[in-house]
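Student: Please find one structure pasted underneath; my questions will follow.
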Amino acid sequence: MAEPSRGLQISRRSWLIAGLLAPLFPARAADSLIVTFDGDNLHISSLGIHFLQGKSLNRLKDGSTVEYVATVGLYRDQFATQFKRSERHFFLSYDVWGSGDVFAVSTPGPPQRRAANLSLSAAETWCLEHMPVATTGLARDEQFWLELELRTVPPKLSSILGPGGIHVDLLDALTPGSDERQIFRRGPMRLVDFVVTRQRGRAG
Amino acid sequence: MKCAWIGGLLLGSLLLASPQDSDNNINSRYTVETVILSGKGWTTDLQSETTTKISTDLLHDLTALIGQKLNPSHLDTLAQNLKKELSAREVIHRIVRGDVPEQVRVEFEVRPARASLGMNVTQFLYNSKQGFSGSGEAALTSGPQVFALGLVSNGDWLPERFSGVVARYEDRSLGTGRLSVKFEAETFHTQWNQATVAAMDTNPLDVPALYRARQAFQPTATLVLFRPLTITVGARIERFEDQGPAGQIAGANAAIADLHYHRSLEGSGIQQDFDADCSLHSATRALNSDYVYSLRTAGVRYQYRHGKHVVLDNVWGGYITGLAPLSDRFVLGNAEYLRGWNKYEIDPLGGNRAISNSVEYHYGPLQVFYDTGAIWDESQPIVARHSVGLGLRESVFSLAVAIPIRAGRVEPIFMMGILP
């Protein structure tokens, strides 16, 4: 009896490659991303985005600093041709003596910005509010797609230094946590379709 | 020299780059109340207890956290060092509330080992007179057992530059945990400096022949006699391929025994460490050795640490009787002994008598040192040499300029790299 995969012309090698590559593309549903426009910059709403979770949240609650890199890319087509890219770094920590679950966030300077005593969702909102994307060069009736990538930064060099020299644990390095990289997408959109307000307008 | 400047700038940037983490973590405003280590079936509160499971240096680094403002980025480094020393699968650190408001407890949880695969760079050194030296290995660790395969190219330690492959298997805890065994195999290709070749031409009878390659196998067992004192016994079986056209093989088979004593005293913010070693390598006809010799070394190292101030003294000496292969002869004028002097200028063939003393003072990453030593052969006069130097040392990174003290001219030697 023929194997089902043979009948579908999918080899075991293809399954293996697909299985290995799947964690590299953790794109989330496009509909969950809410984008607003204030006339100059695009803003991403934190509604529907919860990136402080899983392993990173555990690290935060254990008292570690977790550095997030948020990258917003604008594309002329369906996530193939990028024409604008914006990147911000955020340092998050969890206040062990805080009343309730409270977090602190800061950005590297200058100027360094920081906020403390934030709830989990307020910390997520603070990060996204501090990464506007300028729309210069984008025609108002031009279609574009937007991709938000959030990833944590791996441990710094200092953690691989030991009394015996430099040590890199290959198994640790090759097995990042599943929540270390998240991608959110939205598109197609046009600036002309946004309701522009000083308080920021919402698309469509 | 261009390499030296590039390396210096790179190392300087590493040393001067302050970790941002302490600024970015809200908990850095709290004071560390205590540090707790825990593993399967054991817990140690370092505020009131001590432990022999880890090295005294690491223990000192951990206890130094108590009473200080929390530096979260430093905890990653300490967890990594604990993981390595305890051969653990993982070491997780947590910051939890202390008994007193605004104070925190730092907890390190050691999770038992599983198989792990790691890459180690154990040495990477640039010496402006002797070039680059480096060694690295890939190590598979499963519990106390380690299998490692590495590459070495070293022009610093011996009269030769040796390059090749090393393999190592060790079991760090046999039976009651007081016994460990290690099997090391190595094969090296050898390159000789012109100064060594010239010295050999003028003095061929007093030292053994040059060789083009050597292979060695060294099984050893280490027993903890009582906690500060360990003894290592074993053998070293080595063969040398003569550099001549006939390519004759000569063997140096030796029984080896090393004693090591370590004592650490701590109190009132002061830590004192005392290390003493002595070793004997004896190659005899009874072991089917072509080279018949006896090599004895002894060394004492004392370190005093108070806050950022560290003073250390390292005295070492050794002598060889009989005819030892060049790879066993002593060398001064490298990155460890009599820094600043060029080993090929002092004694290009190495010596069979040597004595050395180094005094160092460190304030944080800054270091100054004064080295003195002499190397000679049995029939030669003893000439004492001195050198001074200064540099930076942070973790395993080192950057130093050393100047030999002599009349006439100043020729500093620049050294930088990773030195365990």
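Ordering of the structure tokens sets the chain letters (A, B, ...); residue numbers start at 1 within each chain; ligands are numbered from 1 in the order shown.
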Counting only C-alpha atoms, which residues from chain B have an atom at most 7 Å from any atom of chain A, and could you show them as a PyMOL selection string?

Tutor: chain B and resi 21+24-27+72+76-77+80-81+93-97+102+116-123+396+418-420

Student: Produce a file of the selected residues containing N, CA and C atoms, as a PDB file, in the first residue's frame.

Tutor:
ATOM      1  N   ASP B  21      22.288  46.729  31.540  1.00  0.00           N
ATOM      2  CA  ASP B  21      21.227  46.016  32.200  1.00  0.00           C
ATOM      3  C   ASP B  21      20.887  46.583  33.570  1.00  0.00           C
ATOM      4  N   ASN B  24      18.625  49.351  33.318  1.00  0.00           N
ATOM      5  CA  ASN B  24      17.332  49.080  32.723  1.00  0.00           C
ATOM      6  C   ASN B  24      16.440  48.170  33.561  1.00  0.00           C
ATOM      7  N   ASN B  25      16.996  47.546  34.561  1.00  0.00           N
ATOM      8  CA  ASN B  25      16.186  46.648  35.375  1.00  0.00           C
ATOM      9  C   ASN B  25      15.724  47.386  36.630  1.00  0.00           C
ATOM     10  N   ILE B  26      14.424  47.412  36.816  1.00  0.00           N
ATOM     11  CA  ILE B  26      13.841  48.154  37.936  1.00  0.00           C
ATOM     12  C   ILE B  26      14.326  47.627  39.283  1.00  0.00           C
ATOM     13  N   ASN B  27      14.734  46.355  39.303  1.00  0.00           N
ATOM     14  CA  ASN B  27      15.162  45.748  40.567  1.00  0.00           C
ATOM     15  C   ASN B  27      16.586  46.118  40.969  1.00  0.00           C
ATOM     16  N   PRO B  72      21.557  42.776  37.714  1.00  0.00           N
ATOM     17  CA  PRO B  72      20.972  41.586  37.078  1.00  0.00           C
ATOM     18  C   PRO B  72      21.811  40.990  35.961  1.00  0.00           C
ATOM     19  N   ASP B  76      23.639  36.566  35.022  1.00  0.00           N
ATOM     20  CA  ASP B  76      23.744  35.670  33.853  1.00  0.00           C
ATOM     21  C   ASP B  76      25.132  35.037  33.799  1.00  0.00           C
ATOM     22  N   THR B  77      26.147  35.860  34.018  1.00  0.00           N
ATOM     23  CA  THR B  77      27.525  35.366  33.990  1.00  0.00           C
ATOM     24  C   THR B  77      27.759  34.337  35.096  1.00  0.00           C
ATOM     25  N   GLN B  80      26.073  31.074  34.343  1.00  0.00           N
ATOM     26  CA  GLN B  80      26.813  30.336  33.314  1.00  0.00           C
ATOM     27  C   GLN B  80      28.038  29.658  33.931  1.00  0.00           C
ATOM     28  N   ASN B  81      28.710  30.360  34.829  1.00  0.00           N
ATOM     29  CA  ASN B  81      29.887  29.772  35.481  1.00  0.00           C
ATOM     30  C   ASN B  81      29.495  28.626  36.402  1.00  0.00           C
ATOM     31  N   HIS B  93      18.364  31.595  37.439  1.00  0.00           N
ATOM     32  CA  HIS B  93      18.417  32.512  38.587  1.00  0.00           C
ATOM     33  C   HIS B  93      17.107  33.271  38.710  1.00  0.00           C
ATOM     34  N   ARG B  94      16.746  33.492  39.950  1.00  0.00           N
ATOM     35  CA  ARG B  94      15.506  34.204  40.253  1.00  0.00           C
ATOM     36  C   ARG B  94      15.804  35.294  41.270  1.00  0.00           C
ATOM     37  N   ILE B  95      15.053  36.366  41.152  1.00  0.00           N
ATOM     38  CA  ILE B  95      15.126  37.415  42.170  1.00  0.00           C
ATOM     39  C   ILE B  95      13.775  37.405  42.876  1.00  0.00           C
ATOM     40  N   VAL B  96      13.798  37.192  44.158  1.00  0.00           N
ATOM     41  CA  VAL B  96      12.540  37.172  44.917  1.00  0.00           C
ATOM     42  C   VAL B  96      12.661  38.129  46.102  1.00  0.00           C
ATOM     43  N   ARG B  97      11.512  38.490  46.649  1.00  0.00           N
ATOM     44  CA  ARG B  97      11.497  39.418  47.772  1.00  0.00           C
ATOM     45  C   ARG B  97      12.287  38.866  48.953  1.00  0.00           C
ATOM     46  N   GLU B 102      12.586  46.275  50.279  1.00  0.00           N
ATOM     47  CA  GLU B 102      13.651  46.846  49.440  1.00  0.00           C
ATOM     48  C   GLU B 102      14.895  45.958  49.382  1.00  0.00           C
ATOM     49  N   SER B 116      25.164  17.712  26.885  1.00  0.00           N
ATOM     50  CA  SER B 116      25.235  19.038  26.273  1.00  0.00           C
ATOM     51  C   SER B 116      26.454  19.091  25.360  1.00  0.00           C
ATOM     52  N   LEU B 117      26.329  19.915  24.366  1.00  0.00           N
ATOM     53  CA  LEU B 117      27.406  20.071  23.397  1.00  0.00           C
ATOM     54  C   LEU B 117      27.845  21.516  23.429  1.00  0.00           C
ATOM     55  N   GLY B 118      29.109  21.739  23.690  1.00  0.00           N
ATOM     56  CA  GLY B 118      29.571  23.115  23.811  1.00  0.00           C
ATOM     57  C   GLY B 118      30.834  23.367  23.017  1.00  0.00           C
ATOM     58  N   MET B 119      31.058  24.633  22.747  1.00  0.00           N
ATOM     59  CA  MET B 119      32.306  25.058  22.101  1.00  0.00           C
ATOM     60  C   MET B 119      33.069  25.906  23.117  1.00  0.00           C
ATOM     61  N   ASN B 120      34.326  25.617  23.311  1.00  0.00           N
ATOM     62  CA  ASN B 120      35.143  26.378  24.263  1.00  0.00           C
ATOM     63  C   ASN B 120      36.337  26.991  23.549  1.00  0.00           C
ATOM     64  N   VAL B 121      36.548  28.262  23.777  1.00  0.00           N
ATOM     65  CA  VAL B 121      37.810  28.884  23.360  1.00  0.00           C
ATOM     66  C   VAL B 121      38.603  29.071  24.645  1.00  0.00           C
ATOM     67  N   THR B 122      39.605  28.247  24.852  1.00  0.00           N
ATOM     68  CA  THR B 122      40.313  28.257  26.127  1.00  0.00           C
ATOM     69  C   THR B 122      41.505  29.203  26.123  1.00  0.00           C
ATOM     70  N   GLN B 123      42.000  29.528  24.951  1.00  0.00           N
ATOM     71  CA  GLN B 123      43.103  30.472  24.880  1.00  0.00           C
ATOM     72  C   GLN B 123      43.101  31.144  23.520  1.00  0.00           C
ATOM     73  N   VAL B 396      38.216  36.988  31.422  1.00  0.00           N
ATOM     74  CA  VAL B 396      39.335  36.275  30.808  1.00  0.00           C
ATOM     75  C   VAL B 396      40.082  37.137  29.789  1.00  0.00           C
ATOM     76  N   ILE B 418      42.673  36.163  25.255  1.00  0.00           N
ATOM     77  CA  ILE B 418      41.886  35.444  26.251  1.00  0.00           C
ATOM     78  C   ILE B 418      42.830  34.533  27.009  1.00  0.00           C
ATOM     79  N   LEU B 419      42.970  34.808  28.293  1.00  0.00           N
ATOM     80  CA  LEU B 419      43.848  33.993  29.127  1.00  0.00           C
ATOM     81  C   LEU B 419      43.042  33.497  30.325  1.00  0.00           C
ATOM     82  N   PRO B 420      42.789  32.189  30.427  1.00  0.00           N
ATOM     83  CA  PRO B 420      42.035  31.692  31.580  1.00  0.00           C
ATOM     84  C   PRO B 420      42.739  32.014  32.895  1.00  0.00           C
TER      85      PRO B 420
END

Student: List as a VMD selection string the protein and nucleic acid residues near B:Leu59, meaning an atom at most 10 Å away when only C-alpha atoms are counted, but skip any in the same chain fewer than 4 places from it.

Tutor: chain B and resid 46 50 to 55 63 to 64 78 82

Student: Hey, what does DSSP flag as strand (DSSP E) within stretch 179-419 of chain B? Can you give it to me as a PyMOL selection string?

Tutor: chain B and resi 179-191+211-226+229-242+249-267+270-283+293-306+309-322+353-363+366-376+385-394+397-405+413-418

Student: Residues at most 8 Å from B:Lys40, counting only C-alpha atoms, excluding those fewer than 5 positions away in the same chain, as a list in words?

Tutor: Val110, Arg111 and Pro112 of chain B

Student: Using only C-alpha atoms, which residue out of B:Met200, B:Ala185, B:Ala400, B:Leu223 lies closest to B:Ser128?

Tutor: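 Of the candidates, the smallest distance to B:Ser128 is held by B:Ala400.
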
Student: Please identify the helix (DSSP H, G or I) residues within stretch 288-399 of chain B (assignment by DSSP from backbone atoms) and present them as an MDAnalysis selection string.

Tutor: chainID B and resid 326:328 343:346

Student: Between atom CA of A:Gly187 and atom CA of A:Leu146, what is the distance, to one decimal in Å?

Tutor: 6.1 Å

Student: Could you check the closest approach to B:Leu140 for each of B:Ser87, B:Ser268, B:Gln191, B:Ser153 and tell me which residue wins, using only C-alpha atoms?

Tutor: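 Residue with the minimum atom-to-atom distance to B:Leu140: B:Ser87.
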
Student: Would you please work out which residue, of A:Leu138, A:Pro110, A:Asn41, A:Gln78, is nearest to A:Arg186 when using only C-alpha atoms?

Tutor: A:Gln78

Student: Could you check the closest approach to B:Tyr344 for each of B:Thr43, B:Gln145, B:Gln194, B:Thr321 and tell me which residue wins, using only C-alpha atoms?

Tutor: B:Gln194

Student: So that I can see what lies close to A:Trp126, please list as a compact mmCIF listing (two decimals) with N, CA and C atoms, in the first residue's frame the residues with an atom at most 9 Å from it, counting only C-alpha atoms and leaving out residues fewer than 3 positions away in the same chain.

Tutor:
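This is the output file selection07.txt:
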# COMPACT_ATOMS: atom_id res chain seq x y z
N SER A 46 -2.02 48.31 20.44
CA SER A 46 -1.69 47.09 21.17
C SER A 46 -2.90 46.16 21.31
N VAL A 105 9.62 49.67 31.81
CA VAL A 105 10.10 49.64 30.43
C VAL A 105 11.03 50.81 30.20
N ALA A 115 9.46 54.10 31.86
CA ALA A 115 8.19 54.15 32.58
C ALA A 115 8.18 52.98 33.56
N LEU A 118 3.83 49.79 35.49
CA LEU A 118 2.89 49.51 34.41
C LEU A 118 2.35 48.09 34.56
N SER A 121 -0.42 44.70 30.29
CA SER A 121 -0.94 45.25 29.03
C SER A 121 -0.47 46.68 28.83
N ALA A 122 -0.32 47.43 29.94
CA ALA A 122 0.16 48.82 29.80
C ALA A 122 1.61 48.83 29.32
N ALA A 123 2.39 47.87 29.74
CA ALA A 123 3.78 47.79 29.29
C ALA A 123 3.83 47.47 27.79
N GLU A 129 3.43 52.18 21.49
CA GLU A 129 3.21 53.62 21.31
C GLU A 129 4.50 54.37 21.05
N HIS A 130 5.61 53.77 21.42
CA HIS A 130 6.89 54.44 21.23
C HIS A 130 7.61 53.97 19.99

Student: For a test of reading the model, state the distance in Å between atom CA of B:Ala216 and atom CA of B:Leu259, rounded to one decimal.

Tutor: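 Taking atom CA of B:Ala216 as the start and atom CA of B:Leu259 as the end point, the length is 21.9 Å.
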